[in-house]
file upload-v1.cif (mmCIF, C-alpha atoms)
data_work
#
loop_
_atom_site.label_atom_id
_atom_site.label_comp_id
_atom_site.auth_asym_id
_atom_site.auth_seq_id
_atom_site.Cartn_x
_atom_site.Cartn_y
_atom_site.Cartn_z
CA MET A 1 125.38 116.95 108.09
CA ASP A 2 126.45 116.86 104.48
CA THR A 3 126.54 120.44 103.16
CA LEU A 4 126.74 119.34 99.54
CA SER A 5 123.20 117.97 99.63
CA PHE A 6 121.72 121.49 99.82
CA LYS A 7 121.98 123.35 96.55
CA THR A 8 120.27 126.54 95.56
CA VAL A 9 118.66 126.22 92.16
CA SER A 10 118.14 129.47 90.29
CA ALA A 11 115.69 129.64 87.45
CA ASN A 12 116.67 131.09 84.11
CA ALA A 13 114.83 131.77 80.87
CA ALA A 14 115.40 128.21 79.65
CA THR A 15 114.16 126.42 82.78
CA VAL A 16 111.09 128.54 83.56
CA THR A 17 107.68 126.97 82.95
CA LYS A 18 105.09 129.65 82.30
CA GLU A 19 101.41 128.75 82.46
CA TRP A 20 98.23 130.58 81.48
CA VAL A 21 95.84 131.34 84.33
CA VAL A 22 92.32 132.81 84.35
CA VAL A 23 91.16 134.88 87.32
CA ASP A 24 87.54 135.98 87.74
CA ALA A 25 87.27 139.49 89.25
CA THR A 26 83.54 139.36 89.95
CA ASP A 27 82.80 140.87 93.40
CA GLN A 28 86.49 140.87 94.38
CA VAL A 29 88.05 143.78 96.28
CA MET A 30 90.39 145.64 93.93
CA GLY A 31 93.55 145.91 96.06
CA ARG A 32 93.42 142.38 97.40
CA LEU A 33 92.79 140.94 93.95
CA CYS A 34 95.63 142.92 92.38
CA SER A 35 98.13 141.97 95.07
CA LYS A 36 97.48 138.28 94.41
CA VAL A 37 97.57 138.79 90.64
CA ALA A 38 100.91 140.61 90.99
CA LYS A 39 102.30 137.67 92.96
CA LEU A 40 101.05 135.23 90.31
CA ALA A 41 102.54 137.28 87.47
CA ARG A 42 105.83 137.67 89.33
CA GLY A 43 106.07 133.94 90.12
CA LYS A 44 106.19 134.22 93.91
CA TYR A 45 103.87 131.24 94.36
CA LYS A 46 106.34 128.95 92.56
CA PRO A 47 109.01 126.98 94.44
CA ASN A 48 111.76 128.00 92.00
CA PHE A 49 111.12 131.77 92.27
CA THR A 50 114.15 133.83 91.27
CA PRO A 51 113.88 137.61 91.77
CA HIS A 52 115.77 138.70 88.65
CA VAL A 53 113.97 136.36 86.20
CA ASP A 54 110.46 136.57 84.76
CA CYS A 55 109.27 133.21 86.08
CA GLY A 56 105.61 134.09 86.65
CA ASP A 57 102.49 132.99 84.84
CA ASN A 58 100.49 134.77 82.17
CA VAL A 59 97.37 136.01 83.98
CA ILE A 60 94.02 136.70 82.30
CA ILE A 61 91.58 138.77 84.36
CA ILE A 62 87.95 138.45 83.26
CA ASN A 63 84.88 140.42 84.42
CA ALA A 64 87.12 143.33 85.39
CA ASP A 65 84.21 145.75 85.25
CA LYS A 66 82.56 143.95 88.20
CA VAL A 67 85.38 144.60 90.67
CA LYS A 68 84.53 146.28 94.00
CA MET A 69 86.20 148.86 96.21
CA THR A 70 85.37 149.20 99.88
CA GLY A 71 83.90 152.38 101.31
CA LYS A 72 83.58 155.46 99.11
CA LYS A 73 86.90 154.97 97.35
CA TRP A 74 85.32 155.08 93.88
CA THR A 75 84.66 158.81 94.26
CA ASP A 76 86.52 160.08 97.34
CA GLN A 77 90.01 158.68 96.69
CA ILE A 78 91.69 161.40 94.61
CA SER A 79 95.15 161.07 93.08
CA TYR A 80 97.16 163.75 91.32
CA THR A 81 99.59 163.73 88.43
CA PHE A 82 101.63 166.61 87.03
CA THR A 83 102.52 166.99 83.36
CA GLY A 84 105.47 169.30 84.02
CA TYR A 85 103.86 172.32 82.37
CA PRO A 86 102.27 175.32 84.13
CA GLY A 87 98.69 174.46 85.01
CA GLY A 88 99.38 170.80 84.24
CA GLN A 89 98.17 169.32 87.50
CA ARG A 90 95.57 166.65 86.80
CA GLU A 91 93.41 164.84 89.30
CA TRP A 92 91.68 161.52 88.88
CA ASN A 93 89.74 159.04 90.95
CA PRO A 94 89.05 155.34 90.37
CA ALA A 95 85.60 156.04 88.86
CA LYS A 96 87.14 158.24 86.11
CA LEU A 97 89.83 155.69 85.39
CA GLN A 98 87.29 152.83 85.27
CA ALA A 99 85.21 154.88 82.80
CA LYS A 100 88.22 155.00 80.45
CA GLY A 101 88.48 151.22 80.61
CA SER A 102 89.31 148.50 83.08
CA ARG A 103 92.67 147.90 81.42
CA THR A 104 94.01 151.34 82.35
CA PHE A 105 92.67 151.09 85.90
CA PHE A 106 94.20 147.65 86.51
CA GLU A 107 97.50 148.75 84.90
CA LYS A 108 97.73 151.72 87.25
CA VAL A 109 97.13 149.56 90.31
CA LEU A 110 99.33 146.62 89.25
CA LYS A 111 102.22 148.83 88.13
CA GLY A 112 102.62 150.04 91.70
CA MET A 113 102.83 146.46 92.97
CA LEU A 114 105.53 145.31 90.55
CA PRO A 115 109.26 146.19 90.46
CA LYS A 116 110.08 149.60 88.98
CA THR A 117 112.56 148.14 86.48
CA LYS A 118 112.60 146.66 82.99
CA LEU A 119 111.59 143.36 84.56
CA GLY A 120 108.48 144.99 86.06
CA ALA A 121 107.49 146.38 82.66
CA LYS A 122 107.95 142.94 81.10
CA ILE A 123 105.84 141.29 83.81
CA LEU A 124 103.07 143.87 83.34
CA LYS A 125 102.80 142.79 79.68
CA ASN A 126 101.96 139.26 80.88
CA ILE A 127 98.68 140.46 82.43
CA TYR A 128 95.58 140.68 80.23
CA VAL A 129 92.40 142.43 81.40
CA TYR A 130 88.93 141.99 79.87
CA ASP A 131 85.59 143.47 80.92
CA GLY A 132 83.41 140.51 80.03
CA PRO A 133 83.69 136.76 80.55
CA GLU A 134 85.13 136.15 77.06
CA HIS A 135 88.81 136.38 76.15
CA PRO A 136 90.77 135.55 72.97
CA HIS A 137 93.31 133.24 74.69
CA GLN A 138 91.43 129.93 74.46
CA ALA A 139 94.19 128.42 72.31
CA GLN A 140 96.62 128.56 75.25
CA ASN A 141 94.31 126.29 77.34
CA PRO A 142 94.32 128.49 80.45
CA LYS A 143 93.33 126.99 83.77
CA THR A 144 90.90 128.75 86.08
CA ILE A 145 92.17 129.62 89.55
CA ASP A 146 90.14 130.51 92.62
CA ILE A 147 91.93 133.67 93.77
CA ASN A 148 90.48 133.36 97.28
CA ALA A 149 92.40 130.09 97.82
CA LEU A 150 95.75 131.90 97.49
CA LYS A 151 97.40 133.71 100.39
#
call {"tool": "encode", "arguments": {"input": "upload-v1.cif", "output": "structure tokens"}}
result
Amino acid sequence: MDTLSFKTVSANAATVTKEWVVVDATDQVMGRLCSKVAKLARGKYKPNFTPHVDCGDNVIIINADKVKMTGKKWTDQISYTFTGYPGGQREWNPAKLQAKGSRTFFEKVLKGMLPKTKLGAKILKNIYVYDGPEHPHQAQNPKTIDINALK
């Protein structure tokens, strides 16, 4: 066997091909949708995935206000944050966060699924969330993807 025929190719900023992708969130379960969107934005579905390079696609999520959660998670799932000051403990649930806007809710969920580094912050900026079916990225000619076809 010739060992020189197998070469590992690492992607870099010059060789990465980033595409624009539209994902419809209508009647999708929140966690399952976000895990697939995080993989798309990270580039894990691409054959030349490199962990330290932003090689993922730009993802546009439309109809984000029509996303579902199973069970009673909209009201019963309570999370806490602490500001650092006395009496600064705040609690929130997905219904409160969705009322502020779908962008903040999706950011909170997707941020936990991405790396906790500068690269993760950069990848999070490649995800765009809109409540309705319209988005201002028509000039980029995004292609629509069926999120259920991905693993």
call {"tool": "resolve_selection", "arguments": {"input": "upload-v1.cif", "expression": "the PyMOL selection byres ((chain A and resi 24) around 9)", "output": "list of chain:residue names"}}
result
A:Val22, A:Val23, A:Ala25, A:Thr26, A:Asp27, A:Gln28, A:Ile60, A:Ile61, A:Ile62, A:Asn63, A:Ala64, A:Pro133, A:Thr144, A:Ile145, A:Asp146, A:Ile147
call {"tool": "closest_residue", "arguments": {"input": "upload-v1.cif", "among": "A:Lys68, A:His52, A:Lys96, A:Lys108", "to": "Val29 of chain A", "atoms": "all atoms listed in the file"}}
result
A:Lys68
call {"tool": "residues_around", "arguments": {"input": "upload-v1.cif", "residues": "Lys18 of chain A", "least_positions_apart": "4", "cutoff": "8 Å", "atoms": "all atoms listed in the file", "output": "PDB file with C-alpha atoms, in the coordinates of the input"}}
result
ATOM      1  CA  CYS A  55     109.270 133.210  86.080  1.00  0.00           C
ATOM      2  CA  GLY A  56     105.610 134.090  86.650  1.00  0.00           C
ATOM      3  CA  ASP A  57     102.490 132.990  84.840  1.00  0.00           C
ATOM      4  CA  ASN A  58     100.490 134.770  82.170  1.00  0.00           C
TER       5      ASN A  58
END
call {"tool": "closest_residue", "arguments": {"input": "upload-v1.cif", "among": "A:Gly132, A:Pro142, A:Gly101, A:Gly120", "to": "Ala41 of chain A", "atoms": "all atoms listed in the file"}}
result
A:Gly120
call {"tool": "resolve_selection", "arguments": {"input": "upload-v1.cif", "expression": "the PyMOL selection byres ((chain A and resi 35-38) around 10)", "output": "short mmCIF file (atom, residue, chain, number, x, y, z; two decimals) with C-alpha atoms, keeping the file's coordinate frame"}}
result
data_model
loop_
_atom_site.label_atom_id
_atom_site.label_comp_id
_atom_site.auth_asym_id
_atom_site.auth_seq_id
_atom_site.Cartn_x
_atom_site.Cartn_y
_atom_site.Cartn_z
CA VAL A 21 95.84 131.34 84.33
CA VAL A 23 91.16 134.88 87.32
CA MET A 30 90.39 145.64 93.93
CA GLY A 31 93.55 145.91 96.06
CA ARG A 32 93.42 142.38 97.40
CA LEU A 33 92.79 140.94 93.95
CA CYS A 34 95.63 142.92 92.38
CA LYS A 39 102.30 137.67 92.96
CA LEU A 40 101.05 135.23 90.31
CA ALA A 41 102.54 137.28 87.47
CA ARG A 42 105.83 137.67 89.33
CA GLY A 43 106.07 133.94 90.12
CA LYS A 44 106.19 134.22 93.91
CA TYR A 45 103.87 131.24 94.36
CA GLY A 56 105.61 134.09 86.65
CA ASP A 57 102.49 132.99 84.84
CA ASN A 58 100.49 134.77 82.17
CA VAL A 59 97.37 136.01 83.98
CA ILE A 60 94.02 136.70 82.30
CA ILE A 61 91.58 138.77 84.36
CA VAL A 109 97.13 149.56 90.31
CA LEU A 110 99.33 146.62 89.25
CA LYS A 111 102.22 148.83 88.13
CA GLY A 112 102.62 150.04 91.70
CA MET A 113 102.83 146.46 92.97
CA LEU A 114 105.53 145.31 90.55
CA ILE A 123 105.84 141.29 83.81
CA LEU A 124 103.07 143.87 83.34
CA ILE A 127 98.68 140.46 82.43
CA ILE A 147 91.93 133.67 93.77
CA ASN A 148 90.48 133.36 97.28
CA LEU A 150 95.75 131.90 97.49
CA LYS A 151 97.40 133.71 100.39
#
call {"tool": "residues_around", "arguments": {"input": "upload-v1.cif", "residues": "Val16 of chain A", "least_positions_apart": "4", "cutoff": "9 Å", "atoms": "all atoms listed in the file", "output": "ChimeraX atom specification"}}
result
/A:11-12,48,53-56
call {"tool": "residues_near_point", "arguments": {"input": "upload-v1.cif", "point": "(99.2, 163.1, 87.7)", "cutoff": "8 Å", "atoms": "only C-alpha atoms", "output": "ChimeraX atom specification"}}
result
/A:79-83,89-92
call {"tool": "residues_around", "arguments": {"input": "upload-v1.cif", "residues": "segment 71-73 of chain A", "least_positions_apart": "2", "cutoff": "9 Å", "atoms": "all atoms listed in the file", "output": "list in words"}}
result
Met69, Thr75, Asp76, Gln77, Ile78, Asn93, Pro94 and Ala95 of chain A
call {"tool": "write_last_selection", "arguments": {"input": "upload-v1.cif", "atoms": "C-alpha atoms", "output": "PDB file, keeping the file's coordinate frame"}}
result
ATOM      1  CA  MET A  69      86.200 148.860  96.210  1.00  0.00           C
ATOM      2  CA  THR A  75      84.660 158.810  94.260  1.00  0.00           C
ATOM      3  CA  ASP A  76      86.520 160.080  97.340  1.00  0.00           C
ATOM      4  CA  GLN A  77      90.010 158.680  96.690  1.00  0.00           C
ATOM      5  CA  ILE A  78      91.690 161.400  94.610  1.00  0.00           C
ATOM      6  CA  ASN A  93      89.740 159.040  90.950  1.00  0.00           C
ATOM      7  CA  PRO A  94      89.050 155.340  90.370  1.00  0.00           C
ATOM      8  CA  ALA A  95      85.600 156.040  88.860  1.00  0.00           C
TER       9      ALA A  95
END
call {"tool": "atom_distance", "arguments": {"input": "upload-v1.cif", "atom1": "atom CA of Asn141 of chain A", "atom2": "atom CA of Val9 of chain A"}}
result
28.5 Å
call {"tool": "closest_residue", "arguments": {"input": "upload-v1.cif", "among": "A:Ala149, A:Glu134, A:Lys7, A:Glu107", "to": "Ala121 of chain A", "atoms": "all atoms listed in the file"}}
result
A:Glu107
call {"tool": "atom_distance", "arguments": {"input": "upload-v1.cif", "atom1": "atom CA of Gln138 of chain A", "atom2": "atom CA of Thr17 of chain A"}}
result
18.6 Å
call {"tool": "build_atoms", "arguments": {"input": "upload-v1.cif", "residues": "segment 135-147 of chain A", "atoms": "N, CA, C and O atoms", "output": "compact mmCIF listing (two decimals), in the frame of the given file"}}
result
# COMPACT_ATOMS: atom_id res chain seq x y z
N HIS A 135 87.45 135.92 76.43
CA HIS A 135 88.81 136.38 76.15
C HIS A 135 89.34 135.62 74.96
O HIS A 135 88.92 134.48 74.69
N PRO A 136 90.27 136.19 74.19
CA PRO A 136 90.77 135.55 72.97
C PRO A 136 91.95 134.59 73.19
O PRO A 136 92.65 134.28 72.25
N HIS A 137 92.14 134.09 74.40
CA HIS A 137 93.31 133.24 74.69
C HIS A 137 92.91 131.78 74.92
O HIS A 137 93.56 131.09 75.70
N GLN A 138 91.87 131.32 74.28
CA GLN A 138 91.43 129.93 74.46
C GLN A 138 92.44 128.93 73.91
O GLN A 138 92.52 127.81 74.38
N ALA A 139 93.22 129.33 72.92
CA ALA A 139 94.19 128.42 72.31
C ALA A 139 95.31 128.04 73.27
O ALA A 139 95.95 127.00 73.11
N GLN A 140 95.55 128.85 74.29
CA GLN A 140 96.62 128.56 75.25
C GLN A 140 96.15 127.61 76.35
O GLN A 140 96.94 127.26 77.23
N ASN A 141 94.90 127.19 76.34
CA ASN A 141 94.31 126.29 77.34
C ASN A 141 94.58 126.79 78.77
O ASN A 141 95.22 126.12 79.56
N PRO A 142 94.06 127.97 79.11
CA PRO A 142 94.32 128.49 80.45
C PRO A 142 93.51 127.73 81.50
O PRO A 142 92.42 127.24 81.23
N LYS A 143 94.07 127.63 82.69
CA LYS A 143 93.33 126.99 83.77
C LYS A 143 92.76 128.06 84.69
O LYS A 143 93.38 129.10 84.92
N THR A 144 91.58 127.79 85.21
CA THR A 144 90.90 128.75 86.08
C THR A 144 91.37 128.56 87.51
O THR A 144 91.43 127.44 88.00
N ILE A 145 91.69 129.67 88.18
CA ILE A 145 92.17 129.62 89.55
C ILE A 145 91.20 130.38 90.46
O ILE A 145 90.72 131.45 90.08
N ASP A 146 90.92 129.80 91.61
CA ASP A 146 90.14 130.51 92.62
C ASP A 146 91.11 131.41 93.38
O ASP A 146 91.97 130.94 94.12
N ILE A 147 90.98 132.71 93.19
CA ILE A 147 91.93 133.67 93.77
C ILE A 147 91.82 133.72 95.27
O ILE A 147 92.77 134.08 95.96
